[in-house]
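Novice: Here's a structure for you.
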Amino acid sequence: MFQVRIHGRGGQGVVTAAELLSVAAFLDGRHAQAFPSFGSERTGAPVVAFCRIDERPIRLREPILAPDALIVQDPTLLHHVDVFAGLVPGGYVVLNSSRAVADPRVVTVPATDLAREHLGRPLPNAALLGAFAALCGLITFDSVAAAIRERFPARLAEANVGAATAAFALVEEPAHA
Amino acid sequence: MRRQLEGSRAVAETVARCRPEVIAAYPISPQTHIVEALSQLTKTGELEPCEFINVESEFAAMSVAIGASATGARAYTATASQGLLFMVEALYNASGLGLPIVMTVANRAIGAPINIWNDHSDSMSQRDSGWIQLYAETNQEAADLHVQAFRLAEELSLPVMVCMDGFILTHAVEEVELPTREQVDAYLPPFVPRQVLDPDEPMTIGAMVGPEAFTEVKYLMHAKQMRALEAIPRIASEFEHEFGRSSGGLLRTYRTEDADTVVLALGSVLGTIEDVVDELREQGERIGVVGLKCFRPYPLDEVRAALGHARRVVVIEKAFAVGVGGIVGQNVRLALSGLPAAVYGVIAGLGGRPITKASLHRVLREGIDDRLGHLTFLDLDLDRVPAGAT
């Protein structure tokens, strides 16, 4: 079982990101379960959502306490929330930031910049999912794109797929260099 | 077709395929997504003919459902928590009048203190309201139980509550095989009411009954609900035949054949319990699980048969009766009366506190070692309780 925890703020599409990730995994033929942290959602408040992915049907319903990967949609959370809590050794971290971080576990992606460029709005979740697909290879990019297209009306979907594609390329590049 | 979708959406689309003719609902977390989706499906014409009535309260929602059902319409509503409590007076009328209303309860705690998160306090508080109560373990089962609930309700002329864990199921996105319209149509015939309120042929229902017959009416209510013990497994088995998957029934056993210790629970926590039980089995413990799917009517004989050989039963439940202890636990003790099995009651997951594998390992280990009492609060943090308060 592979477990992903997504941190962000209300309004950034954290819950949607977990849902899209689960749909992508489902389209890849896996079993997946996405769920929010069930807070009283308010714009700007720290929000957590979870996604489990497995080859077998998933019975477990506890919150994800030891994630294999983290997606952090807002770098300012690093100062407020222990986003790394329980991260397994060698776990993946995708951080939305235009600046590199001096932590070998962390891959940074300027997801907000990419979102502004492609959507005209600072909604980083699709770009981060593109980066996540490139980083850990758990889900295919095609499935991420398909999940986005399933969820949003055509124009918005294509803009999000554009942001995800750009982020995917940014993360893939160093690997080929 | 299998789809990856939110539990609320799966329930709403399934309910729509059951062709309700009147939906009256008032939104309350965590039920909101269900009725939002149904109002949308009604507005777009995908669910048609159906009247979606936006009422001003839950009391009105149930009252409208009663009126609709009495005129012969298939009626549906959904609620949670304080919303269910606000309906209570009407709930008893629905069951007393024998109206086959189906209602989703997106299980949530009851205040005060106010809490929007999941436990079973709401539906458990209405266990004696005369409604049949079914509890879903997964979103697949939640969807399937609604199809069965309409069959059951209309066959027995009794209202049915389908209980699904708020947030944990309603807001979880997982794979669900939605019943197709054709499958549902084949399984669920149109509603043929036993009697209809009709201005052209006036009649009275729910008239006053005095001491000379009230006991008999209540006895009939009980006898009628007990008939569900035969109907529920039959309807579940016909469902399996039609849809090719097993859902519902009275209870389900897991690895209980040679079990000394059996864990009994209901709802979505069963999956986590099964994961823990598998791990305990690997450690050599003879332990199994009974998942209760139907709490009203209470399948006393089936519970006794499923648990009778165990040395001990650990009941894990998400509600309790203040001043006594576990509600499900009391019912399990009733089923096991005269048998030597010890029954340990564990109250867990109140107001959304996560029930983790680690906590279950801890409490089940204590159970196996016979170190539990009749009432335990899982993960109770006494540091948060004022000194001298207990």
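Chains: A, B, ... in order of the structure tokens. Residues: from 1 per chain. Ligands: from 1, in order shown.
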Among segment 265-321 of chain B, which ones does DSSP place in alpha helix (DSSP H), written as an MDAnalysis selection string?
Specialist: chainID B and resid 269:282 300:307
Novice: Do me a favour and pick out the residues of chain B within 6 Å of chain A, using only C-alpha atoms, as an MDAnalysis selection string.
Specialist: chainID B and resid 4 172:174 271:272 356
Novice: Limited to N, CA and C atoms, could you put the picked residues into a file as an mmCIF file, in the first residue's frame?
Specialist:
```
data_model
loop_
_atom_site.group_PDB
_atom_site.id
_atom_site.type_symbol
_atom_site.label_atom_id
_atom_site.label_comp_id
_atom_site.auth_asym_id
_atom_site.auth_seq_id
_atom_site.Cartn_x
_atom_site.Cartn_y
_atom_site.Cartn_z
ATOM 1 N N GLN B 4 -14.817 5.536 -9.760
ATOM 2 C CA GLN B 4 -14.163 6.056 -8.563
ATOM 3 C C GLN B 4 -14.905 7.333 -8.208
ATOM 4 N N ALA B 172 -15.612 10.012 1.400
ATOM 5 C CA ALA B 172 -14.507 9.204 0.872
ATOM 6 C C ALA B 172 -14.744 8.920 -0.604
ATOM 7 N N VAL B 173 -13.668 9.037 -1.374
ATOM 8 C CA VAL B 173 -13.734 8.719 -2.804
ATOM 9 C C VAL B 173 -13.132 7.333 -2.979
ATOM 10 N N GLU B 174 -13.938 6.399 -3.400
ATOM 11 C CA GLU B 174 -13.452 5.036 -3.603
ATOM 12 C C GLU B 174 -14.266 4.391 -4.716
ATOM 13 N N GLY B 271 -13.592 -2.587 8.419
ATOM 14 C CA GLY B 271 -12.428 -2.837 7.566
ATOM 15 C C GLY B 271 -11.130 -2.721 8.347
ATOM 16 N N THR B 272 -11.016 -1.665 9.138
ATOM 17 C CA THR B 272 -9.815 -1.474 9.953
ATOM 18 C C THR B 272 -9.682 -2.612 10.960
ATOM 19 N N THR B 356 -7.720 3.993 15.306
ATOM 20 C CA THR B 356 -6.509 3.579 14.601
ATOM 21 C C THR B 356 -6.214 2.107 14.851
#
```
Novice: Identify which of the residues B:Val184, B:Gly72, B:Ser29, B:Ala90 lies closest to Phe59 of chain B, counting only C-alpha atoms when measuring atom-to-atom distances.
Specialist: B:Ala90
Novice: Near Pro104 of chain A, counting only C-alpha atoms, which residues have an atom at most 10 Å away, once you skip same-chain residues fewer than 4 positions from it, shown as a PyMOL selection string?
Specialist: chain A and resi 90+92-93
Novice: Based on the backbone DSSP call, show me all residues of segment 228-287 of chain B assigned strand (DSSP E or B), as a list of chain:residue names.
Specialist: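 After running DSSP on the backbone, segment 228-287 of chain B has strand (DSSP E or B) at B:Leu251, B:Arg252, B:Thr253, B:Tyr254, B:Thr261, B:Val262, B:Val263, B:Leu264, B:Ala265, B:Ile287.
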Novice: Name all residues at most 7 Å from Asp165 of chain B (count only C-alpha atoms; drop same-chain ones fewer than 3 positions away) and give them as a ChimeraX atom specification.
Specialist: /B:106-107,118,168-170,267-268
Novice: Mind pulling up the distance from atom CA of Gly248 of chain B to atom CA of Glu141 of chain B?
Specialist: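 Going from atom CA of Glu141 of chain B over to atom CA of Gly248 of chain B covers 6.8 Å.
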Novice: Applying 12 Å and only C-alpha atoms, which residues near Leu138 of chain A remain after dropping the ones on its own chain fewer than 6 positions away? List them as an MDAnalysis selection string.
Specialist: chainID A and resid 1:4 21:22 24:26 28:30 52:55 68:69 92 129:132 144
Novice: Can those selected residues be exported to a file as an mmCIF file, in the first residue's frame so that it contains N, CA and C atoms?
Specialist:
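To be explicit, this is the file written out as out_39.cif:
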```
data_model
loop_
_atom_site.group_PDB
_atom_site.id
_atom_site.type_symbol
_atom_site.label_atom_id
_atom_site.label_comp_id
_atom_site.auth_asym_id
_atom_site.auth_seq_id
_atom_site.Cartn_x
_atom_site.Cartn_y
_atom_site.Cartn_z
ATOM 1 N N MET A 1 0.853 -1.204 0.000
ATOM 2 C CA MET A 1 0.000 0.000 0.000
ATOM 3 C C MET A 1 0.882 1.245 0.000
ATOM 4 N N PHE A 2 0.496 2.221 -0.802
ATOM 5 C CA PHE A 2 1.223 3.491 -0.877
ATOM 6 C C PHE A 2 0.287 4.588 -0.365
ATOM 7 N N GLN A 3 0.810 5.388 0.575
ATOM 8 C CA GLN A 3 -0.057 6.375 1.221
ATOM 9 C C GLN A 3 0.477 7.785 1.014
ATOM 10 N N VAL A 4 -0.409 8.662 0.596
ATOM 11 C CA VAL A 4 -0.034 10.045 0.286
ATOM 12 C C VAL A 4 -0.832 10.990 1.175
ATOM 13 N N LEU A 21 -6.000 12.255 -7.493
ATOM 14 C CA LEU A 21 -4.951 11.235 -7.371
ATOM 15 C C LEU A 21 -5.578 9.843 -7.300
ATOM 16 N N SER A 22 -6.667 9.731 -6.549
ATOM 17 C CA SER A 22 -7.319 8.417 -6.422
ATOM 18 C C SER A 22 -7.951 8.005 -7.749
ATOM 19 N N ALA A 24 -6.853 8.891 -10.716
ATOM 20 C CA ALA A 24 -5.737 8.514 -11.602
ATOM 21 C C ALA A 24 -5.287 7.085 -11.297
ATOM 22 N N ALA A 25 -5.151 6.773 -10.000
ATOM 23 C CA ALA A 25 -4.723 5.419 -9.612
ATOM 24 C C ALA A 25 -5.763 4.391 -10.056
ATOM 25 N N PHE A 26 -7.030 4.745 -9.889
ATOM 26 C CA PHE A 26 -8.128 3.859 -10.312
ATOM 27 C C PHE A 26 -8.045 3.607 -11.820
ATOM 28 N N ASP A 28 -5.463 3.687 -13.567
ATOM 29 C CA ASP A 28 -4.287 2.842 -13.796
ATOM 30 C C ASP A 28 -4.541 1.390 -13.376
ATOM 31 N N GLY A 29 -5.761 1.099 -12.909
ATOM 32 C CA GLY A 29 -6.103 -0.285 -12.565
ATOM 33 C C GLY A 29 -5.838 -0.648 -11.124
ATOM 34 N N ARG A 30 -5.581 0.346 -10.292
ATOM 35 C CA ARG A 30 -5.332 0.053 -8.880
ATOM 36 C C ARG A 30 -6.571 0.363 -8.050
ATOM 37 N N ARG A 52 -4.872 6.680 -0.364
ATOM 38 C CA ARG A 52 -4.219 5.366 -0.294
ATOM 39 C C ARG A 52 -4.333 4.709 -1.662
ATOM 40 N N ILE A 53 -3.272 4.036 -2.054
ATOM 41 C CA ILE A 53 -3.271 3.329 -3.344
ATOM 42 C C ILE A 53 -2.714 1.934 -3.102
ATOM 43 N N ASP A 54 -3.391 0.931 -3.642
ATOM 44 C CA ASP A 54 -2.937 -0.437 -3.385
ATOM 45 C C ASP A 54 -3.322 -1.330 -4.553
ATOM 46 N N GLU A 55 -2.654 -2.481 -4.620
ATOM 47 C CA GLU A 55 -3.022 -3.491 -5.621
ATOM 48 C C GLU A 55 -4.252 -4.268 -5.148
ATOM 49 N N ASP A 68 3.909 7.626 2.682
ATOM 50 C CA ASP A 68 5.044 7.337 1.809
ATOM 51 C C ASP A 68 5.405 8.563 0.987
ATOM 52 N N ALA A 69 4.471 9.477 0.877
ATOM 53 C CA ALA A 69 4.732 10.693 0.105
ATOM 54 C C ALA A 69 3.900 11.836 0.663
ATOM 55 N N TYR A 92 8.776 10.374 -0.341
ATOM 56 C CA TYR A 92 8.824 11.456 -1.333
ATOM 57 C C TYR A 92 8.157 12.719 -0.774
ATOM 58 N N LEU A 129 0.253 17.475 -8.953
ATOM 59 C CA LEU A 129 -0.012 16.069 -9.306
ATOM 60 C C LEU A 129 0.834 15.646 -10.497
ATOM 61 N N GLY A 130 1.041 16.576 -11.453
ATOM 62 C CA GLY A 130 1.936 16.295 -12.581
ATOM 63 C C GLY A 130 3.342 16.016 -12.079
ATOM 64 N N ALA A 131 3.810 16.854 -11.153
ATOM 65 C CA ALA A 131 5.142 16.666 -10.572
ATOM 66 C C ALA A 131 5.222 15.351 -9.810
ATOM 67 N N PHE A 132 4.162 15.041 -9.096
ATOM 68 C CA PHE A 132 4.135 13.802 -8.306
ATOM 69 C C PHE A 132 4.240 12.580 -9.220
ATOM 70 N N VAL A 144 -3.344 10.939 -14.756
ATOM 71 C CA VAL A 144 -3.542 12.231 -14.088
ATOM 72 C C VAL A 144 -4.320 13.158 -15.021
#
```
Novice: May I have the residues within 7 Å of His118 of chain A as a PDB file with C-alpha atoms, in the first residue's frame, using only C-alpha atoms and disregarding those fewer than 2 positions away in the same chain?
Specialist:
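Result written to out_6.pdb:
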```pdb
ATOM      1  CA  LEU A 114       2.657  27.423 -13.388  1.00  0.00           C
ATOM      2  CA  ALA A 115      -0.984  27.685 -12.359  1.00  0.00           C
ATOM      3  CA  ARG A 116      -1.011  31.462 -12.839  1.00  0.00           C
ATOM      4  CA  GLY A 120      -4.639  32.549 -14.623  1.00  0.00           C
ATOM      5  CA  ALA A 159      -5.590  24.632 -18.603  1.00  0.00           C
ATOM      6  CA  ASN A 160      -4.978  22.341 -15.634  1.00  0.00           C
ATOM      7  CA  GLY A 162      -1.231  22.282 -19.265  1.00  0.00           C
ATOM      8  CA  ALA A 163       0.029  23.179 -15.786  1.00  0.00           C
TER       9      ALA A 163
END
```
Novice: What's around Gln82 of chain B at 8 Å? Count only C-alpha atoms, leave out sequence neighbours fewer than 2 positions away in its own chain, and write the answer as number ranges by chain.
Specialist: B: 80, 84-86, 110-111, 122
Novice: Can you work out the spacing between atom CA of Phe150 of chain B and atom CA of Ala319 of chain B in Å, to one decimal?
Specialist: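 Atom CA of Ala319 of chain B lies 26.6 Å from atom CA of Phe150 of chain B.
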Novice: Mind giving me the straight-line distance from atom CA of Ile132 of chain B to atom CA of Arg296 of chain B in Å, one decimal?
Specialist: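 We find that atom CA of Ile132 of chain B and atom CA of Arg296 of chain B lie 4.9 Å from each other.
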